[in-house]
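So this one's upload-v2.csv, CSV, C-alpha atoms:
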chain,number,residue,atom,x,y,z
A,169,SER,CA,46.6,130.8,-69.1
A,170,ALA,CA,44.2,127.8,-69.7
A,171,ARG,CA,45.0,126.5,-66.2
A,172,TYR,CA,44.1,129.9,-64.6
A,173,PHE,CA,40.9,130.1,-66.7
A,174,ARG,CA,39.9,126.7,-65.4
A,175,LEU,CA,40.6,127.6,-61.8
A,176,ALA,CA,38.6,130.8,-62.1
A,177,ALA,CA,35.9,129.0,-64.1
A,178,ASP,CA,35.5,126.3,-61.5
A,179,GLN,CA,34.8,129.2,-59.0
A,180,ASP,CA,31.9,130.3,-61.2
A,181,ASP,CA,33.7,133.3,-62.9
A,182,LYS,CA,31.5,133.7,-65.9
A,183,GLU,CA,34.1,135.5,-68.0
A,184,ALA,CA,36.6,132.7,-67.3
A,185,GLN,CA,34.0,130.1,-68.2
A,186,ALA,CA,33.4,131.8,-71.5
A,187,GLN,CA,37.1,132.1,-72.3
A,188,LEU,CA,37.7,128.5,-71.4
A,189,GLY,CA,34.7,127.6,-73.6
A,190,VAL,CA,36.4,129.3,-76.5
A,191,LEU,CA,39.7,127.5,-75.9
A,192,LEU,CA,38.0,124.1,-75.7
A,193,GLN,CA,36.0,124.9,-78.8
A,194,SER,CA,39.0,125.6,-81.0
A,195,GLY,CA,41.8,123.8,-79.2
A,196,GLY,CA,45.1,125.5,-78.4
A,197,ASP,CA,47.3,126.8,-75.7
A,198,GLY,CA,47.9,123.2,-74.6
A,199,VAL,CA,44.1,122.5,-74.5
A,200,PRO,CA,42.8,119.7,-76.7
A,201,GLN,CA,39.5,120.4,-78.6
A,202,ASP,CA,36.5,119.2,-76.6
A,203,LEU,CA,33.2,120.5,-77.9
A,204,ALA,CA,31.1,118.8,-75.2
A,205,GLU,CA,33.2,120.5,-72.5
A,206,SER,CA,33.2,123.7,-74.4
A,207,ALA,CA,29.4,123.7,-74.5
A,208,ARG,CA,29.2,122.9,-70.8
A,209,TYR,CA,31.4,125.9,-69.9
A,210,PHE,CA,29.5,128.2,-72.3
A,211,ARG,CA,26.2,127.1,-70.7
A,212,LEU,CA,27.6,127.8,-67.2
A,213,SER,CA,28.6,131.3,-68.3
A,214,ALA,CA,25.6,132.0,-70.5
A,215,ASP,CA,23.2,131.1,-67.6
A,216,GLN,CA,25.0,133.8,-65.6
A,217,GLY,CA,24.3,136.4,-68.4
A,218,ASP,CA,27.6,136.5,-70.3
A,219,VAL,CA,26.6,137.7,-73.8
A,220,ASN,CA,29.5,136.1,-75.6
A,221,ALA,CA,28.8,132.7,-74.1
A,222,GLN,CA,25.2,133.0,-75.0
A,223,LEU,CA,26.1,133.8,-78.6
A,224,GLN,CA,28.7,131.0,-78.8
A,225,LEU,CA,26.4,128.4,-77.3
A,226,GLY,CA,23.5,129.5,-79.5
A,227,VAL,CA,25.7,129.1,-82.6
A,228,LEU,CA,27.1,125.7,-81.4
A,229,LEU,CA,23.6,124.3,-80.8
A,230,ARG,CA,22.5,125.1,-84.4
A,231,PHE,CA,24.7,122.2,-85.7
A,232,ASP,CA,25.1,118.6,-84.8
A,233,TYR,CA,28.6,118.0,-83.4
A,234,ASP,CA,30.1,115.0,-81.6
A,235,GLY,CA,29.1,115.4,-78.0
A,236,VAL,CA,26.9,118.4,-78.7
A,237,PRO,CA,23.6,117.3,-80.3
A,238,ARG,CA,21.7,119.8,-82.4
A,239,ASN,CA,19.0,121.7,-80.5
A,240,LEU,CA,17.5,124.5,-82.5
A,241,ALA,CA,15.0,125.6,-79.8
A,242,GLU,CA,17.8,125.9,-77.2
A,243,ALA,CA,20.0,127.7,-79.8
A,244,ALA,CA,17.2,130.2,-80.4
A,245,ARG,CA,16.7,130.7,-76.7
A,246,TYR,CA,20.3,131.6,-76.0
A,247,LEU,CA,20.6,133.7,-79.1
A,248,ARG,CA,17.5,135.6,-77.8
A,249,LEU,CA,19.2,136.2,-74.5
A,250,ALA,CA,22.2,137.7,-76.3
A,251,ALA,CA,20.1,139.6,-78.8
A,252,ASP,CA,18.1,141.2,-75.9
A,253,GLN,CA,21.5,142.5,-74.6
A,254,GLY,CA,22.1,144.3,-77.9
A,255,ASP,CA,24.6,141.9,-79.5
A,256,ALA,CA,24.4,142.5,-83.2
A,257,ILE,CA,25.6,139.1,-84.3
A,258,SER,CA,23.0,137.4,-82.1
A,259,GLN,CA,20.3,139.7,-83.5
A,260,HIS,CA,21.2,138.8,-87.0
A,261,SER,CA,21.5,135.0,-86.3
A,262,LEU,CA,18.2,135.0,-84.5
A,263,GLY,CA,16.7,137.0,-87.4
A,264,CYS,CA,17.8,134.2,-89.8
A,265,ALA,CA,16.2,131.7,-87.4
A,266,TYR,CA,12.9,133.5,-87.5
A,267,LEU,CA,13.1,133.9,-91.3
A,268,GLU,CA,13.7,130.2,-91.8
A,269,GLY,CA,11.7,128.8,-88.9
A,270,LEU,CA,14.7,127.2,-87.2
A,271,GLY,CA,13.8,126.5,-83.5
A,272,VAL,CA,11.1,129.1,-83.6
A,273,LEU,CA,7.9,129.7,-85.6
A,274,ALA,CA,8.7,131.4,-88.8
A,275,ASP,CA,8.0,135.1,-88.4
A,276,PRO,CA,9.3,137.4,-91.2
A,277,CYS,CA,8.2,140.5,-89.4
A,278,GLU,CA,10.3,139.6,-86.3
A,279,ALA,CA,13.2,138.7,-88.6
A,280,THR,CA,13.0,142.1,-90.2
A,281,ARG,CA,12.9,143.8,-86.8
A,282,LEU,CA,16.0,141.9,-85.6
A,283,PHE,CA,17.8,142.5,-88.9
A,284,ARG,CA,17.1,146.2,-88.5
A,285,LEU,CA,18.4,146.3,-84.9
A,286,ALA,CA,21.7,144.7,-86.1
A,287,ALA,CA,21.9,146.8,-89.2
A,288,ASP,CA,21.6,150.0,-87.1
A,289,GLN,CA,24.8,148.8,-85.4
A,290,GLN,CA,26.5,148.9,-88.9
A,291,MET,CA,26.6,145.1,-89.2
A,292,SER,CA,27.1,144.6,-92.9
A,293,GLU,CA,25.6,141.0,-93.0
A,294,ALA,CA,22.4,142.4,-91.3
A,295,GLN,CA,22.2,145.4,-93.7
A,296,LEU,CA,22.5,142.9,-96.6
A,297,SER,CA,19.8,140.7,-95.2
A,298,LEU,CA,17.5,143.6,-94.5
A,299,GLY,CA,18.2,145.1,-97.9
A,300,ARG,CA,17.3,141.8,-99.6
A,301,MET,CA,14.0,141.5,-97.6
A,302,LEU,CA,13.0,145.1,-98.5
A,303,CYS,CA,13.9,144.7,-102.1
A,304,GLU,CA,12.0,141.5,-102.5
A,305,GLY,CA,9.2,141.8,-100.0
A,306,TYR,CA,8.5,138.7,-97.9
A,307,ALA,CA,5.1,137.4,-96.6
A,308,ASP,CA,3.8,140.2,-94.3
A,309,VAL,CA,6.9,142.4,-94.9
A,310,PRO,CA,6.0,144.9,-97.7
A,311,ALA,CA,8.6,145.6,-100.3
A,312,ASP,CA,10.4,148.9,-100.2
A,313,LYS,CA,12.8,148.7,-103.2
A,314,ARG,CA,14.2,152.1,-102.8
A,315,ALA,CA,15.2,151.7,-99.1
A,316,GLY,CA,16.4,148.1,-99.8
A,317,ALA,CA,18.6,149.2,-102.7
A,318,ARG,CA,20.1,152.0,-100.6
A,319,LEU,CA,21.1,149.5,-97.9
A,320,VAL,CA,22.7,147.1,-100.3
A,321,ALA,CA,24.5,149.9,-102.0
A,322,GLN,CA,25.8,151.1,-98.6
A,323,VAL,CA,27.2,147.6,-97.9
A,324,ALA,CA,28.9,147.5,-101.3
A,325,ARG,CA,30.4,150.9,-100.7
A,326,ALA,CA,31.5,150.5,-97.1
A,327,ALA,CA,33.0,147.0,-97.0
A,328,GLY,CA,36.8,147.1,-97.1
A,329,GLU,CA,39.4,144.5,-97.7
A,330,ASP,CA,38.2,142.4,-94.7
A,331,GLY,CA,34.7,142.3,-96.2
A,332,GLU,CA,35.4,141.4,-99.8
A,333,THR,CA,32.9,138.4,-99.8
A,334,VAL,CA,30.1,140.6,-98.3
A,335,ARG,CA,30.9,143.4,-100.7
A,336,ASP,CA,30.8,141.1,-103.8
A,337,ARG,CA,27.5,139.6,-102.6
A,338,ALA,CA,26.1,143.1,-102.2
A,339,LEU,CA,27.2,144.2,-105.7
A,340,GLU,CA,25.8,141.0,-107.2
A,341,LEU,CA,22.5,141.4,-105.4
A,342,LEU,CA,22.2,145.1,-106.3
A,343,CYS,CA,22.9,144.3,-110.0
A,344,SER,CA,20.5,141.4,-110.0
A,345,TYR,CA,17.7,143.9,-109.2
A,346,ALA,CA,18.9,146.5,-111.7
A,347,ASP,CA,16.5,145.5,-114.5
A,348,GLU,CA,13.5,144.7,-112.3
A,349,THR,CA,12.1,148.1,-111.7
A,350,GLU,CA,13.0,151.7,-112.6
A,351,VAL,CA,13.5,152.5,-108.9
A,352,VAL,CA,16.2,149.9,-108.4
A,353,ALA,CA,17.8,150.5,-111.8
A,354,ALA,CA,18.1,154.1,-110.8
A,355,CYS,CA,20.3,153.3,-107.7
A,356,CYS,CA,24.0,154.2,-108.1
A,357,ILE,CA,26.2,151.5,-106.5
A,358,GLY,CA,28.7,154.2,-105.8
A,359,CYS,CA,26.7,156.5,-103.6
A,360,GLY,CA,23.3,154.9,-103.3
A,361,ALA,CA,21.6,158.0,-104.8
A,362,HIS,CA,18.7,157.6,-107.2
A,363,HIS,CA,18.7,159.0,-110.7
A,364,ARG,CA,16.7,158.3,-113.8
A,365,ARG,CA,19.7,158.5,-116.0
A,366,MET,CA,22.5,156.2,-115.1
A,367,THR,CA,25.7,155.1,-116.7
A,368,LYS,CA,26.6,151.4,-116.9
A,369,CYS,CA,30.2,150.3,-116.3
A,370,SER,CA,31.8,150.2,-119.7
A,371,LYS,CA,33.6,146.9,-118.9
A,372,CYS,CA,31.1,144.7,-117.3
A,373,HIS,CA,27.9,146.5,-118.5
A,374,THR,CA,26.2,145.5,-115.3
A,375,ALA,CA,27.0,147.9,-112.5
A,376,ARG,CA,25.4,151.4,-112.7
A,377,PHE,CA,26.7,154.7,-111.6
A,378,CYS,CA,25.3,158.3,-111.4
A,379,SER,CA,28.5,160.1,-112.3
A,380,SER,CA,32.1,159.8,-113.4
A,381,GLU,CA,33.2,160.7,-109.9
A,382,CYS,CA,31.3,157.7,-108.4
A,383,ILE,CA,32.9,155.4,-111.1
A,384,LYS,CA,36.3,156.7,-110.1
A,385,ASN,CA,35.7,156.4,-106.3
A,386,MET,CA,34.1,153.0,-106.5
A,387,TRP,CA,36.4,151.4,-109.0
A,388,PRO,CA,38.8,149.8,-106.5
A,389,THR,CA,35.8,148.2,-104.8
A,390,HIS,CA,34.0,147.3,-108.0
A,391,ARG,CA,37.1,146.0,-109.9
A,392,PRO,CA,37.1,142.4,-108.6
A,393,SER,CA,33.4,141.9,-109.3
A,394,CYS,CA,33.8,143.6,-112.6
A,395,GLN,CA,36.6,141.3,-113.7
A,396,ARG,CA,34.7,138.2,-112.6
A,397,TRP,CA,31.5,139.3,-114.5
A,398,GLN,CA,33.5,140.0,-117.6
A,399,ALA,CA,35.0,136.5,-117.4
A,400,GLU,CA,31.5,135.0,-116.9
A,401,GLN,CA,30.1,136.9,-119.8
A,402,ALA,CA,33.0,135.8,-122.0
A,403,GLU,CA,32.4,132.2,-121.0
A,404,GLU,CA,28.7,132.6,-121.9
A,405,VAL,CA,29.6,133.8,-125.4
A,406,VAL,CA,31.9,130.8,-125.8
A,407,VAL,CA,29.2,128.4,-124.8
A,408,GLU,CA,26.7,130.1,-127.1
A,409,LEU,CA,29.1,129.9,-130.1
A,410,ALA,CA,29.8,126.2,-129.3
A,411,ALA,CA,26.1,125.5,-129.2
A,412,ASP,CA,25.6,127.3,-132.5
A,413,SER,CA,28.4,125.4,-134.1
A,414,SER,CA,27.1,122.0,-133.0
A,415,SER,CA,23.6,122.9,-134.2
A,416,ASN,CA,25.0,123.7,-137.7

Could the structure of this file be written out as structure tokens, please?
Amino acid sequence: SARYFRLAADQDDKEAQAQLGVLLQSGGDGVPQDLAESARYFRLSADQGDVNAQLQLGVLLRFDYDGVPRNLAEAARYLRLAADQGDAISQHSLGCAYLEGLGVLADPCEATRLFRLAADQQMSEAQLSLGRMLCEGYADVPADKRAGARLVAQVARAAGEDGETVRDRALELLCSYADETEVVAACCIGCGAHHRRMTKCSKCHTARFCSSECIKNMWPTHRPSCQRWQAEQAEEVVVELAADSSSN
């Protein structure tokens, strides 16, 4: 298939150019890895408007690889092209660039706008980024802890087995805000609803729930984080006891 992709790519078929770029990027199907050639084919395809090639090239240019020098401005330009076509991953990546000032002037408001566009497409990473910004507030972006906590809770609730890392980050983020304000403390990580009277998990004493039904429904999702937090708390106790013993 690589030979046919190359034949089509050399006839300016943008989809074939993008596919060949992917093959050259990772290596496989009898094609040795060649990041410089991968970037060349991605660029040919991206300049013809292929959204996947624009995304792949934008990501590739954010790092310094052998044969592909880092170029943050070009990375942002190609991510913008893909983002303008509605690609959620590109919108989130470009939002991160605007948040950190990578290849573009830092602009938290534009970062928030892009995060929101990607979040509206149910991209969990974007929902988490937007939720964090709303919970914390950032430069010209006013804090909205209630909306931010709801988004983070939504990520924690929706992420399945393929999103364990994102789910755990969402749970940790939500629980880290739990004692900051009454609004965030009143957010149930099971359903995202807000109540003044919440019940803490009886095992980790960190996660908060509005009802026994939410505890039951959320337990399979919460269990890995709960077990890790219990282990961390136990370790903290051991460290404190050791410190007390040495001081005496």

- As a check of understanding: the span from CA of Gly217 in chain A to CA of Gly198 in chain A is 27.7 Å

- Message: Set the distance at 8 Å and use all atoms listed in the file: which residues neighbour range 365-372 of chain A once local chain neighbours fewer than 5 positions away are removed? I'd like the list as a VMD selection string.
- Response: chain A and resid 354 356 377 to 379 383 394 to 395 397 to 398

- Query: Can you list, as a list in words, every protein, DNA or RNA residue that comes within 12 Å of Arg208 in chain A when you count all atoms listed in the file, leaving out same-chain residues fewer than 2 positions away?
  - Reply: Ala177, Asp178, Gln185, Ala186, Leu188, Gly189, Val190, Leu192, Gln193, Asp202, Leu203, Ala204, Glu205, Ser206, Phe210, Arg211, Leu212, Ser213, Ala214, Asp215, Ala221, Gln222, Gln224, Leu225, Leu228, Leu229, Gly235 and Val236 of chain A

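We find CA of Gln179 in chain A and CA of Val227 in chain A to be spaced 25.3 Å apart.
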
- Query: What does the distance between CA of Ala170 in chain A and CA of Phe231 in chain A come to in Å, to one decimal place?
  - Reply: 25.8 Å

- Please work out which residues fall within 7 Å of (21.7, 147.1, -99.7), coordinates as given in the file, with all atoms listed in the file counting, and return them as a list of chain:residue names.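 Result, sorted by chain then residue number: A:Gln295, A:Leu296, A:Gly299, A:Arg300, A:Gly316, A:Ala317, A:Arg318, A:Leu319, A:Val320, A:Ala321, A:Gln322, A:Val323, A:Ala338, A:Leu342.
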
The selected residues should be written to file as a PDB file, keeping the file's coordinate frame (atoms: C-alpha atoms).
ATOM      1  CA  GLN A 295      22.200 145.400 -93.700  1.00  0.00           C
ATOM      2  CA  LEU A 296      22.500 142.900 -96.600  1.00  0.00           C
ATOM      3  CA  GLY A 299      18.200 145.100 -97.900  1.00  0.00           C
ATOM      4  CA  ARG A 300      17.300 141.800 -99.600  1.00  0.00           C
ATOM      5  CA  GLY A 316      16.400 148.100 -99.800  1.00  0.00           C
ATOM      6  CA  ALA A 317      18.600 149.200-102.700  1.00  0.00           C
ATOM      7  CA  ARG A 318      20.100 152.000-100.600  1.00  0.00           C
ATOM      8  CA  LEU A 319      21.100 149.500 -97.900  1.00  0.00           C
ATOM      9  CA  VAL A 320      22.700 147.100-100.300  1.00  0.00           C
ATOM     10  CA  ALA A 321      24.500 149.900-102.000  1.00  0.00           C
ATOM     11  CA  GLN A 322      25.800 151.100 -98.600  1.00  0.00           C
ATOM     12  CA  VAL A 323      27.200 147.600 -97.900  1.00  0.00           C
ATOM     13  CA  ALA A 338      26.100 143.100-102.200  1.00  0.00           C
ATOM     14  CA  LEU A 342      22.200 145.100-106.300  1.00  0.00           C
TER      15      LEU A 342
END

- Query: Residues at most 10 Å from Met386 in chain A, counting only C-alpha atoms, excluding those fewer than 4 positions away in the same chain, as a PyMOL selection string?
  - Reply: chain A and resi 324-325+357-359+377+380-382+390-391

- Using only C-alpha atoms, find the one residue out of A:Phe173, A:Leu273, A:Thr333, A:Asp308 that sits nearest to Ser292 in chain A.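 Result for the nearest residue to Ser292 in chain A: A:Thr333.
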
- Query: Restricting the calculation to all atoms listed in the file, which member of A:Asn220, A:Thr374, A:Gln201, A:Ser297 is positioned closest to Pro276 in chain A?
  - Reply: A:Ser297

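Across A:Ala399, A:Ala244, A:Ala315, A:Ala207, the tightest approach to Glu268 in chain A is made by A:Ala244 when counting all atoms listed in the file.
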
- Can you list, as JSON, numbers by chain, every protein, DNA or RNA residue that comes within 9 Å of Glu242 in chain A when you count only C-alpha atoms, leaving out same-chain residues fewer than 3 positions away? {"A": [225, 226, 229, 230, 238, 239, 245, 246, 247, 271]}

- Message: Between A:Ala287, A:Val272, A:Ala243, A:Ala279, which residue has the minimum interatomic distance to Ala256 in chain A, considering only C-alpha atoms?
- Response: A:Ala287
